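J.: Supplied structure: my_file08.cif, mmCIF, C-alpha atoms and all ligand atoms.
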```
data_work
loop_
_atom_site.label_atom_id
_atom_site.label_comp_id
_atom_site.auth_asym_id
_atom_site.auth_seq_id
_atom_site.Cartn_x
_atom_site.Cartn_y
_atom_site.Cartn_z
CA MET A 1 88.09 68.42 103.77
CA ALA A 2 88.70 66.67 100.47
CA LYS A 3 87.48 68.42 97.34
CA PRO A 4 84.26 66.98 95.87
CA PRO A 5 84.71 64.37 93.14
CA LYS A 6 85.01 65.92 89.69
CA LYS A 7 82.02 64.13 88.28
CA SER A 8 79.64 64.85 91.10
CA PRO A 9 76.08 64.39 89.82
CA LYS A 10 75.24 67.71 91.42
CA LYS A 11 77.77 69.68 89.37
CA PRO A 12 75.27 70.79 86.68
CA ALA A 13 73.26 72.62 89.36
CA ALA A 14 76.35 74.55 90.38
CA LYS A 15 77.10 75.38 86.76
CA SER A 16 73.63 76.71 86.24
CA ALA A 17 74.00 78.88 89.34
CA THR A 18 77.09 80.46 87.79
CA LYS A 19 75.26 80.87 84.49
CA LYS A 20 72.43 82.55 86.35
CA ALA A 21 74.95 84.82 88.05
CA LYS A 22 76.44 85.75 84.67
CA LYS A 23 73.01 86.50 83.27
CA SER A 24 72.23 88.88 86.07
CA ILE A 25 74.95 91.28 84.97
CA LYS A 26 73.00 93.76 82.86
CA ARG A 27 75.07 95.62 80.36
CA VAL A 28 74.28 99.21 79.58
CA PRO A 29 73.92 99.43 75.78
CA GLY A 30 76.92 100.69 73.87
CA ARG A 31 79.41 99.73 76.56
CA PRO A 32 82.74 98.04 75.87
CA PRO A 33 82.62 94.27 75.32
CA LYS A 34 83.42 92.04 78.21
CA ASN A 35 87.16 91.42 78.23
CA ALA A 36 88.09 90.66 81.78
CA ALA A 37 86.38 87.41 82.65
CA ILE A 38 87.89 85.77 85.69
CA ALA A 39 87.97 82.13 86.52
CA ARG A 40 85.24 80.87 88.77
CA PRO A 41 86.76 80.39 92.23
CA ASP A 42 87.52 76.84 93.30
CA THR A 43 85.81 75.29 96.31
CA ASP A 44 88.42 76.47 98.82
CA ALA A 45 88.26 80.02 97.50
CA MET A 46 84.47 79.95 97.68
CA LEU A 47 84.66 78.76 101.27
CA GLY A 48 86.89 81.76 101.93
CA LEU A 49 84.26 84.09 100.43
CA TYR A 50 81.61 82.41 102.56
CA GLU A 51 83.69 82.90 105.70
CA GLU A 52 84.31 86.57 104.97
CA MET A 53 80.65 87.31 104.32
CA LEU A 54 79.64 85.44 107.46
CA LEU A 55 82.22 87.33 109.52
CA ILE A 56 80.64 90.62 108.47
CA ARG A 57 77.11 89.30 109.16
CA ARG A 58 77.96 88.01 112.65
CA PHE A 59 80.08 91.07 113.47
CA GLU A 60 77.21 93.38 112.56
CA GLU A 61 74.71 91.32 114.54
CA LYS A 62 76.98 91.56 117.58
CA ALA A 63 77.41 95.32 117.05
CA GLY A 64 73.61 95.60 116.97
CA GLN A 65 73.38 93.70 120.27
CA LEU A 66 76.06 95.83 121.94
CA TYR A 67 74.30 98.96 120.73
CA GLY A 68 71.06 97.71 122.29
CA MET A 69 72.93 97.16 125.56
CA GLY A 70 74.21 100.73 125.52
CA MET A 71 77.81 99.70 124.88
CA ILE A 72 77.99 101.61 121.58
CA GLY A 73 77.01 105.26 121.44
CA GLY A 74 76.28 107.65 118.60
CA PHE A 75 75.36 106.49 115.12
CA CYS A 76 75.73 102.92 113.97
CA HIS A 77 74.78 101.80 110.44
CA LEU A 78 74.78 98.07 109.81
CA TYR A 79 75.77 96.43 106.51
CA ILE A 80 73.66 93.27 106.94
CA GLY A 81 72.37 92.07 103.54
CA GLN A 82 75.03 93.85 101.48
CA GLU A 83 78.00 91.60 102.35
CA ALA A 84 78.49 90.13 98.84
CA ILE A 85 79.50 93.51 97.43
CA VAL A 86 82.53 94.38 99.47
CA VAL A 87 83.63 90.76 99.87
CA GLY A 88 83.37 90.14 96.12
CA MET A 89 85.16 93.34 95.17
CA GLN A 90 87.95 93.06 97.72
CA SER A 91 88.53 89.41 96.80
CA ILE A 92 89.78 90.53 93.39
CA ALA A 93 91.37 93.83 94.36
CA LYS A 94 95.17 93.90 94.33
CA GLU A 95 97.46 94.85 97.14
CA GLY A 96 97.93 98.60 97.06
CA ASP A 97 94.43 99.38 95.73
CA SER A 98 92.74 101.92 97.95
CA VAL A 99 89.25 101.85 99.43
CA ILE A 100 86.95 104.59 100.65
CA THR A 101 83.31 104.46 101.63
CA SER A 102 80.44 106.02 103.57
CA TYR A 103 79.38 105.59 107.19
CA ARG A 104 78.03 102.06 106.50
CA ASP A 105 81.59 100.93 106.78
CA HIS A 106 82.30 98.08 109.21
CA GLY A 107 82.07 95.45 106.46
CA HIS A 108 84.52 97.36 104.29
CA MET A 109 87.03 97.51 107.13
CA LEU A 110 86.83 93.78 107.77
CA ALA A 111 87.04 92.99 104.04
CA CYS A 112 90.17 95.18 103.82
CA GLY A 113 91.78 93.04 106.49
CA MET A 114 91.34 95.32 109.50
CA SER A 115 90.96 93.35 112.71
CA ALA A 116 87.56 92.59 114.22
CA ASP A 117 89.07 93.38 117.65
CA GLY A 118 90.20 96.86 116.63
CA VAL A 119 86.95 97.74 114.84
CA MET A 120 84.78 96.54 117.74
CA ALA A 121 86.96 98.40 120.26
CA GLU A 122 86.48 101.58 118.23
CA LEU A 123 82.71 101.06 118.05
CA THR A 124 82.61 100.81 121.82
CA GLY A 125 84.82 103.91 122.19
CA ARG A 126 87.83 102.13 123.70
CA ARG A 127 91.52 102.86 123.72
CA ASP A 128 92.44 99.89 121.51
CA GLY A 129 90.12 100.99 118.72
CA TYR A 130 91.46 102.10 115.34
CA SER A 131 90.95 105.76 116.24
CA LYS A 132 91.89 105.27 119.90
CA GLY A 133 88.19 105.24 120.77
CA LYS A 134 87.73 108.82 119.60
CA GLY A 135 86.15 108.20 116.20
CA GLY A 136 83.46 105.56 116.57
CA SER A 137 81.51 103.79 113.86
CA MET A 138 81.91 106.34 111.06
CA HIS A 139 85.49 107.42 111.60
CA MET A 140 88.03 104.66 111.28
CA PHE A 141 91.02 104.49 108.96
CA SER A 142 93.94 102.21 108.25
CA ARG A 143 96.70 103.46 105.98
CA ASP A 144 98.29 100.08 106.47
CA LYS A 145 95.32 98.41 104.73
CA ASN A 146 94.73 101.34 102.36
CA PHE A 147 91.36 102.02 103.93
CA TYR A 148 90.60 105.74 103.92
CA GLY A 149 87.33 105.78 105.93
CA GLY A 150 84.46 105.91 107.02
CA HIS A 151 82.69 109.25 106.01
CA GLY A 152 79.53 110.59 107.61
CA ILE A 153 78.73 113.28 105.05
CA VAL A 154 76.81 111.73 102.17
CA ALA A 155 78.97 111.58 98.99
CA ALA A 156 81.90 113.42 100.61
CA GLN A 157 84.06 110.35 100.06
CA VAL A 158 83.56 110.47 96.28
CA PRO A 159 85.88 113.42 95.50
CA ILE A 160 88.35 112.04 98.06
CA GLY A 161 88.25 108.75 96.13
CA LEU A 162 89.03 110.81 93.04
CA GLY A 163 92.10 112.13 94.84
CA LEU A 164 93.17 108.61 95.74
CA ALA A 165 92.83 107.61 92.07
CA PHE A 166 94.87 110.65 91.04
CA ALA A 167 97.58 109.59 93.49
CA HIS A 168 97.69 106.10 91.96
CA GLN A 169 98.09 107.58 88.50
CA TYR A 170 100.62 110.20 89.60
CA LYS A 171 102.75 107.66 91.44
CA GLU A 172 102.34 105.12 88.64
CA ASP A 173 101.83 102.40 91.22
CA GLY A 174 99.26 100.43 89.22
CA GLY A 175 96.61 100.82 91.92
CA VAL A 176 92.90 101.44 91.54
CA ALA A 177 90.75 103.52 93.90
CA LEU A 178 87.60 101.65 94.87
CA THR A 179 85.07 104.30 95.84
CA TYR A 180 81.86 103.03 97.41
CA PHE A 181 78.75 105.19 97.88
CA GLY A 182 74.98 104.83 98.11
CA ASP A 183 71.98 105.39 95.85
CA GLY A 184 71.21 108.41 98.02
CA ALA A 185 74.58 109.94 97.19
CA ILE A 186 74.27 109.52 93.42
CA ASN A 187 72.24 112.69 92.97
CA GLN A 188 74.84 114.99 94.49
CA GLY A 189 76.72 117.50 92.38
CA GLN A 190 80.14 116.52 93.70
CA VAL A 191 79.63 113.02 92.27
CA TYR A 192 79.29 114.48 88.74
CA GLU A 193 82.27 116.80 89.22
CA SER A 194 84.19 113.68 90.16
CA PHE A 195 82.87 111.80 87.10
CA ASN A 196 84.05 114.66 84.91
CA MET A 197 87.56 114.89 86.32
CA ALA A 198 88.02 111.13 86.50
CA ALA A 199 87.04 110.73 82.84
CA LEU A 200 89.02 113.78 81.72
CA TRP A 201 92.19 112.49 83.33
CA ASN A 202 91.57 108.76 82.71
CA LEU A 203 91.88 108.02 86.40
CA PRO A 204 91.90 104.43 87.70
CA LEU A 205 88.71 104.72 89.71
CA VAL A 206 85.84 102.28 90.13
CA PHE A 207 82.72 104.10 91.31
CA ILE A 208 80.73 101.47 93.19
CA ILE A 209 77.14 102.50 93.80
CA GLU A 210 75.66 100.31 96.53
CA ASN A 211 72.02 100.65 95.48
CA ASN A 212 70.26 99.18 98.51
CA GLN A 213 66.96 100.71 97.32
CA TYR A 214 66.73 103.32 100.10
CA GLY A 215 68.43 106.52 101.21
CA MET A 216 67.28 106.70 104.84
CA GLY A 217 63.49 106.29 104.45
CA THR A 218 63.21 107.36 100.81
CA SER A 219 63.08 104.69 98.13
CA VAL A 220 65.32 105.15 95.14
CA SER A 221 62.33 105.32 92.81
CA ARG A 222 61.13 108.44 94.67
CA ALA A 223 64.55 110.07 94.76
CA ALA A 224 66.33 109.30 91.49
CA ALA A 225 65.14 110.25 88.02
CA GLY A 226 65.87 107.98 85.10
CA ARG A 227 66.41 104.26 85.27
CA ALA A 228 69.86 102.68 85.57
CA LEU A 229 72.13 104.50 88.00
CA ALA A 230 74.93 102.70 86.15
CA ASP A 231 74.09 104.94 83.22
CA ARG A 232 74.77 108.18 85.06
CA GLY A 233 78.29 108.46 83.62
CA LYS A 234 77.06 108.36 80.02
CA ALA A 235 77.57 112.06 79.41
CA TYR A 236 81.22 111.68 80.43
CA GLY A 237 81.82 108.50 78.40
CA ILE A 238 82.19 106.38 81.54
CA PRO A 239 81.06 102.78 81.05
CA GLY A 240 78.60 101.42 83.56
CA MET A 241 77.10 98.10 84.51
CA GLN A 242 74.19 96.99 86.68
CA VAL A 243 75.15 94.02 88.78
CA ASP A 244 73.34 91.54 91.01
CA GLY A 245 74.95 92.67 94.26
CA MET A 246 73.36 89.81 96.21
CA ASN A 247 75.60 87.27 94.47
CA VAL A 248 79.29 87.32 95.34
CA LEU A 249 80.26 85.55 92.10
CA THR A 250 78.50 88.11 89.93
CA VAL A 251 80.11 90.91 91.89
CA ARG A 252 83.54 89.35 91.30
CA GLU A 253 82.99 89.08 87.55
CA ALA A 254 81.79 92.64 87.20
CA GLY A 255 84.54 93.91 89.50
CA ALA A 256 87.21 92.11 87.49
CA GLU A 257 85.98 93.70 84.30
CA ALA A 258 85.89 97.17 85.82
CA MET A 259 89.30 96.87 87.46
CA ALA A 260 90.91 95.50 84.29
CA TYR A 261 89.48 98.47 82.38
CA CYS A 262 91.00 100.90 84.91
CA ARG A 263 94.36 99.12 85.05
CA ALA A 264 94.57 99.24 81.25
CA GLY A 265 94.63 103.05 81.56
CA LYS A 266 91.19 103.50 80.00
CA GLY A 267 89.80 105.58 82.84
CA PRO A 268 87.00 105.17 85.39
CA TYR A 269 84.16 102.66 85.47
CA ILE A 270 80.78 102.66 87.23
CA LEU A 271 79.27 99.58 88.86
CA GLU A 272 75.72 99.79 90.17
CA MET A 273 75.39 97.00 92.69
CA GLN A 274 71.75 96.11 93.23
CA THR A 275 71.37 95.11 96.81
CA TYR A 276 69.22 95.48 99.91
CA ARG A 277 69.79 96.38 103.55
CA TYR A 278 67.87 94.20 105.97
CA ARG A 279 68.08 96.54 108.95
CA GLY A 280 66.94 100.12 109.28
CA HIS A 281 69.09 102.96 108.02
CA SER A 282 70.75 103.23 111.43
CA MET A 283 70.09 101.66 114.81
CA SER A 284 67.49 104.32 115.59
CA ASP A 285 65.39 103.68 112.45
CA PRO A 286 62.32 101.46 112.91
CA ALA A 287 62.05 101.24 109.07
CA LYS A 288 58.32 101.88 108.83
CA TYR A 289 58.60 103.00 105.23
CA ARG A 290 58.64 99.42 103.93
CA THR A 291 56.70 96.26 104.68
CA ARG A 292 57.93 93.27 106.64
CA GLU A 293 56.97 91.13 103.62
CA GLU A 294 59.37 93.08 101.41
CA VAL A 295 62.26 92.51 103.80
CA ASP A 296 61.37 88.85 104.41
CA ALA A 297 61.15 88.13 100.67
CA MET A 298 64.66 89.47 100.15
CA ARG A 299 66.08 87.53 103.08
CA LYS A 300 64.41 84.30 102.01
CA GLN A 301 65.02 84.46 98.29
CA ARG A 302 68.15 86.50 97.72
CA ASP A 303 70.35 86.28 100.80
CA PRO A 304 73.98 86.31 99.60
CA ILE A 305 75.24 83.98 102.34
CA ASP A 306 72.45 81.41 101.94
CA THR A 307 72.93 81.50 98.16
CA LEU A 308 76.62 80.68 98.44
CA ARG A 309 76.00 78.05 101.12
CA GLU A 310 73.51 76.33 98.81
CA LEU A 311 75.95 76.48 95.91
CA LEU A 312 78.68 74.94 98.05
CA ALA A 313 76.31 72.17 99.18
CA SER A 314 75.38 71.47 95.57
CA GLU A 315 79.09 71.06 94.84
CA GLY A 316 79.39 68.42 97.50
CA VAL A 317 80.82 70.44 100.39
CA GLU A 318 79.79 68.67 103.58
CA ASN A 319 77.66 70.38 106.14
CA ASP A 320 80.29 69.74 108.82
CA LYS A 321 82.74 71.94 106.94
CA ILE A 322 80.22 74.77 106.89
CA LYS A 323 79.43 74.26 110.57
CA THR A 324 83.13 74.46 111.45
CA ILE A 325 83.43 77.79 109.63
CA ASP A 326 80.27 79.06 111.36
CA ALA A 327 81.75 78.17 114.76
CA GLU A 328 85.12 79.76 113.93
CA VAL A 329 83.48 83.00 112.82
CA LYS A 330 81.32 83.09 115.94
CA ALA A 331 84.44 82.67 118.07
CA VAL A 332 86.26 85.54 116.28
CA VAL A 333 83.30 87.84 116.87
CA SER A 334 82.78 86.94 120.51
CA LYS A 335 86.51 87.38 121.13
CA ALA A 336 86.27 90.83 119.50
CA ALA A 337 83.38 91.78 121.80
CA ASP A 338 85.31 90.60 124.87
CA PHE A 339 88.45 92.41 123.70
CA ALA A 340 86.47 95.62 123.20
CA GLN A 341 84.83 95.47 126.59
CA ALA A 342 88.13 94.73 128.34
CA SER A 343 89.88 97.66 126.66
CA PRO A 344 90.00 100.84 128.80
CA GLU A 345 88.30 104.06 127.83
CA PRO A 346 90.55 106.70 126.25
CA ASP A 347 92.76 108.74 128.55
CA PRO A 348 91.18 112.23 128.89
CA ALA A 349 94.55 113.67 127.78
CA GLU A 350 93.80 112.22 124.34
CA LEU A 351 91.22 114.95 123.87
CA TRP A 352 94.12 117.18 122.83
CA THR A 353 95.87 114.78 120.43
CA ASP A 354 95.31 114.02 116.72
CA ILE A 355 93.59 117.35 116.19
CA LEU A 356 96.22 119.35 114.35
CA ILE A 357 99.49 118.34 112.75
CA GLU A 358 101.92 121.11 113.58
CA GLY A 359 105.15 122.05 111.86
CA ARG A 360 104.35 120.58 108.44
CA ALA A 361 103.33 123.76 106.66
CA SER A 362 106.57 124.48 104.80
C1 LIG A 401 75.35 115.96 102.86
C2 LIG A 401 74.46 115.16 103.74
N1 LIG A 401 73.13 115.28 103.62
C3 LIG A 401 72.30 114.54 104.39
C4 LIG A 401 72.82 113.68 105.32
C5 LIG A 401 71.87 112.80 106.16
N2 LIG A 401 71.92 111.44 105.63
C6 LIG A 401 72.67 110.52 106.24
S1 LIG A 401 72.58 109.07 105.44
C7 LIG A 401 71.53 109.65 104.29
C8 LIG A 401 71.01 108.76 103.20
C9 LIG A 401 72.04 108.23 102.28
O1 LIG A 401 71.58 107.11 101.61
P1 LIG A 401 72.47 106.22 100.65
O2 LIG A 401 73.47 107.07 99.96
O3 LIG A 401 71.55 105.45 99.79
O4 LIG A 401 73.29 105.25 101.61
P2 LIG A 401 72.78 104.06 102.54
O5 LIG A 401 72.49 104.65 103.87
O6 LIG A 401 71.59 103.46 101.90
O7 LIG A 401 73.92 103.11 102.63
C10 LIG A 401 71.24 110.98 104.53
C11 LIG A 401 70.34 111.79 103.70
C12 LIG A 401 74.22 113.58 105.44
N3 LIG A 401 74.81 112.75 106.29
N4 LIG A 401 75.02 114.31 104.62
MG MG A 402 70.90 103.52 99.94
#
```
Show me this structure written as structure tokens.
Ligand SMILES: Cc1ncc(C[n+]2csc(CCOP(=O)(O)OP(=O)(O)O)c2C)c(N)n1
Ligand SMILES: [Mg+2]

T.:
Amino acid sequence: MAKPPKKSPKKPAAKSATKKAKKSIKRVPGRPPKNAAIARPDTDAMLGLYEEMLLIRRFEEKAGQLYGMGMIGGFCHLYIGQEAIVVGMQSIAKEGDSVITSYRDHGHMLACGMSADGVMAELTGRRDGYSKGKGGSMHMFSRDKNFYGGHGIVAAQVPIGLGLAFAHQYKEDGGVALTYFGDGAINQGQVYESFNMAALWNLPLVFIIENNQYGMGTSVSRAAAGRALADRGKAYGIPGMQVDGMNVLTVREAGAEAMAYCRAGKGPYILEMQTYRYRGHSMSDPAKYRTREEVDAMRKQRDPIDTLRELLASEGVENDKIKTIDAEVKAVVSKAADFAQASPEPDPAELWTDILIEGRAS
């Protein structure tokens, strides 16, 4: 599709949306001045962001359906509502940067470039899954895409992220370790040990707190003392920023600033992404600890995909273009579901593989 004319009468609306996005980055007082502004993406790039967020949304919806049909066993934590965070961050990450996250991880895998087929096959416990069907939802990795899991123990990925950052510094490869964790993880001791070591050694590490307001059924206001989680690195001299995590453009701006800070050798950075999960904590959570009105208000007023779709429309992108992307994404996801269901279950002999690496102790 042709780009919209430069002097579209609707352009001012788009500009104000960007301005609004900029405003919603709250700076923690005394932090370094903004020095890493990135250009606003052009229409094609924004369509790409839209497609990636939609892929995660539709993938997760399908995973939810397959779970309901008994095709997926064990735990399954959906990322619906939080898509702008990982898509925004990964859209500005550089090749070679590493990523690690919690169990709410399917979106991170897709945003790192792992295939929908392979992730869905793993969810359904099939041979063609990323862990040969032996890991499931919380245990998938791809060294090829620098994705280091997928961790079921709350906050356990944070010190591992520290190790990834140390490796980047040690190897002098210019990479940054993007370490995602939840508001429920922020109160753990190992997070502060990681803050200390990361700051002490100036490691290139962005701590990304996905504050979706709840840790299982406990709201953040009942679990976390103090106000901004972004401020939790203050004692270690780590700069922090609260970010509107429901807006992919705001996420990109904040992410660019944090990553530039790390790449300049200044040490770690904390981003508190303010977001919301629409579904329960896991597939078995009826989410009775919050009202339907609360969830509906978020979906109606703040949805990251609707927000970007509206911005694109205001810039003159035709509805047909959006519909084509919607259809393409739907096709990718239904192909992934078919692929997963056609893939055989693991060979029982695989029970004895990938358990212990022998002969490497010397
Ligand atoms: C060390 C540890 N304690 C408790 C649990 C049980 N648990 C699983 S998820 C979770 C809540 C974590 O919430 P948050 O960090 O906000 O992540 P979210 O689920 O919101 O993405 C808890 C307590 C666990 N997996 N590991
Ligand atoms: Mg949470």

J.: Contacts of A:His168 at 12 Å or less, counting all atoms listed in the file, minus same-chain residues fewer than 4 places along, as a PyMOL selection string?

T.: chain A and resi 96-98+146+161-164+172-178+202-205+262-263+265

J.: Could you list, as a PyMOL selection string, all the residues within 12 Å of ligand MG 402 (chain A), counting only C-alpha atoms and all ligand atoms?

T.: chain A and resi 77-79+82+102-104+154-155+180-187+209-221+223-224+272-282

J.: In Å, with one decimal, what is the gap from atom CA of A:Gly70 to atom CA of A:Gln157?

T.: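 Answer for the atom CA of A:Gly70 to atom CA of A:Gln157 separation: 28.9 Å.
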
J.: A:Ile325, A:Ile305, A:Val191, A:Leu54: which is nearest ligand LIG 401 (chain A), counting all atoms listed in the file?

T.: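 With all atoms listed in the file as the atom set, the closest residue is A:Val191.
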
J.: I'd like to know which of A:Glu318, A:Asp354, A:Asp244, A:Asp285 is closest to ligand LIG 401 (chain A), using all atoms listed in the file.

T.: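 The answer is A:Asp285, which sits nearest to ligand LIG 401 (chain A).
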
J.: Could you please give me, as a list in words, the residues of protein, DNA or RNA lying at most 6 Å from (81.7, 106.3, 88.7) in the coordinate frame of the file, considering all atoms listed in the file?

T.: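 Using all atoms listed in the file, the matching residues come out as Phe195, Val206, Phe207, Tyr269 and Ile270 of chain A.
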
J.: Can you write just those residues out, C-alpha atoms, as a compact mmCIF listing (two decimals), keeping the file's coordinate frame?

T.:
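Output file result.txt follows:
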```txt
# COMPACT_ATOMS: atom_id res chain seq x y z
CA PHE A 195 82.87 111.80 87.10
CA VAL A 206 85.84 102.28 90.13
CA PHE A 207 82.72 104.10 91.31
CA TYR A 269 84.16 102.66 85.47
CA ILE A 270 80.78 102.66 87.23
```

J.: Near stretch 228-235 of chain A, within 7 Å and counting all atoms listed in the file, which residues show up once chain neighbours fewer than 3 positions away are dropped, as a short mmCIF file (atom, residue, chain, number, x, y, z; two decimals) with C-alpha atoms, in the coordinates of the input?

T.:
```cif
data_model
loop_
_atom_site.label_atom_id
_atom_site.label_comp_id
_atom_site.auth_asym_id
_atom_site.auth_seq_id
_atom_site.Cartn_x
_atom_site.Cartn_y
_atom_site.Cartn_z
CA VAL A 28 74.28 99.21 79.58
CA PHE A 195 82.87 111.80 87.10
CA ILE A 238 82.19 106.38 81.54
CA PRO A 239 81.06 102.78 81.05
CA GLY A 240 78.60 101.42 83.56
CA MET A 241 77.10 98.10 84.51
CA GLN A 242 74.19 96.99 86.68
CA ILE A 270 80.78 102.66 87.23
CA LEU A 271 79.27 99.58 88.86
CA GLU A 272 75.72 99.79 90.17
#
```

J.: Any chance you could model N, CA and C atoms for stretch 254-277 of chain A and send them as a tab-separated table (two decimals), in the coordinates of the input?

T.:
```
chain	number	residue	atom	x	y	z
A	254	ALA	N	81.94	91.24	87.61
A	254	ALA	CA	81.79	92.64	87.20
A	254	ALA	C	82.99	93.45	87.69
A	255	GLY	N	83.41	93.18	88.91
A	255	GLY	CA	84.54	93.91	89.50
A	255	GLY	C	85.81	93.67	88.70
A	256	ALA	N	85.99	92.43	88.26
A	256	ALA	CA	87.21	92.11	87.49
A	256	ALA	C	87.22	92.88	86.17
A	257	GLU	N	86.05	92.97	85.57
A	257	GLU	CA	85.98	93.70	84.30
A	257	GLU	C	86.28	95.19	84.51
A	258	ALA	N	85.69	95.74	85.55
A	258	ALA	CA	85.89	97.17	85.82
A	258	ALA	C	87.35	97.46	86.18
A	259	MET	N	87.92	96.62	87.03
A	259	MET	CA	89.30	96.87	87.46
A	259	MET	C	90.29	96.69	86.30
A	260	ALA	N	90.02	95.71	85.44
A	260	ALA	CA	90.91	95.50	84.29
A	260	ALA	C	90.87	96.73	83.37
A	261	TYR	N	89.68	97.27	83.21
A	261	TYR	CA	89.48	98.47	82.38
A	261	TYR	C	90.32	99.63	82.95
A	262	CYS	N	90.23	99.82	84.26
A	262	CYS	CA	91.00	100.90	84.91
A	262	CYS	C	92.50	100.66	84.80
A	263	ARG	N	92.91	99.42	85.05
A	263	ARG	CA	94.36	99.12	85.05
A	263	ARG	C	94.95	99.24	83.64
A	264	ALA	N	94.08	99.10	82.63
A	264	ALA	CA	94.57	99.24	81.25
A	264	ALA	C	94.72	100.72	80.87
A	265	GLY	N	94.44	101.61	81.82
A	265	GLY	CA	94.63	103.05	81.56
A	265	GLY	C	93.48	103.67	80.79
A	266	LYS	N	92.31	102.97	80.78
A	266	LYS	CA	91.19	103.50	80.00
A	266	LYS	C	90.33	104.49	80.76
A	267	GLY	N	90.58	104.63	82.06
A	267	GLY	CA	89.80	105.58	82.84
A	267	GLY	C	88.84	104.90	83.80
A	268	PRO	N	87.88	105.69	84.33
A	268	PRO	CA	87.00	105.17	85.39
A	268	PRO	C	85.90	104.25	84.86
A	269	TYR	N	85.23	103.61	85.79
A	269	TYR	CA	84.16	102.66	85.47
A	269	TYR	C	83.12	102.77	86.58
A	270	ILE	N	81.85	102.59	86.22
A	270	ILE	CA	80.78	102.66	87.23
A	270	ILE	C	80.13	101.29	87.37
A	271	LEU	N	80.02	100.82	88.60
A	271	LEU	CA	79.27	99.58	88.86
A	271	LEU	C	78.09	99.93	89.76
A	272	GLU	N	76.90	99.60	89.31
A	272	GLU	CA	75.72	99.79	90.17
A	272	GLU	C	75.36	98.43	90.76
A	273	MET	N	75.67	98.27	92.02
A	273	MET	CA	75.39	97.00	92.69
A	273	MET	C	73.96	97.04	93.23
A	274	GLN	N	73.13	96.13	92.75
A	274	GLN	CA	71.75	96.11	93.23
A	274	GLN	C	71.67	95.21	94.44
A	275	THR	N	71.30	95.83	95.55
A	275	THR	CA	71.37	95.11	96.81
A	275	THR	C	70.22	95.53	97.71
A	276	TYR	N	70.31	95.18	98.98
A	276	TYR	CA	69.22	95.48	99.91
A	276	TYR	C	69.78	95.48	101.33
A	277	ARG	N	69.37	96.46	102.14
A	277	ARG	CA	69.79	96.38	103.55
A	277	ARG	C	68.62	95.84	104.35
```
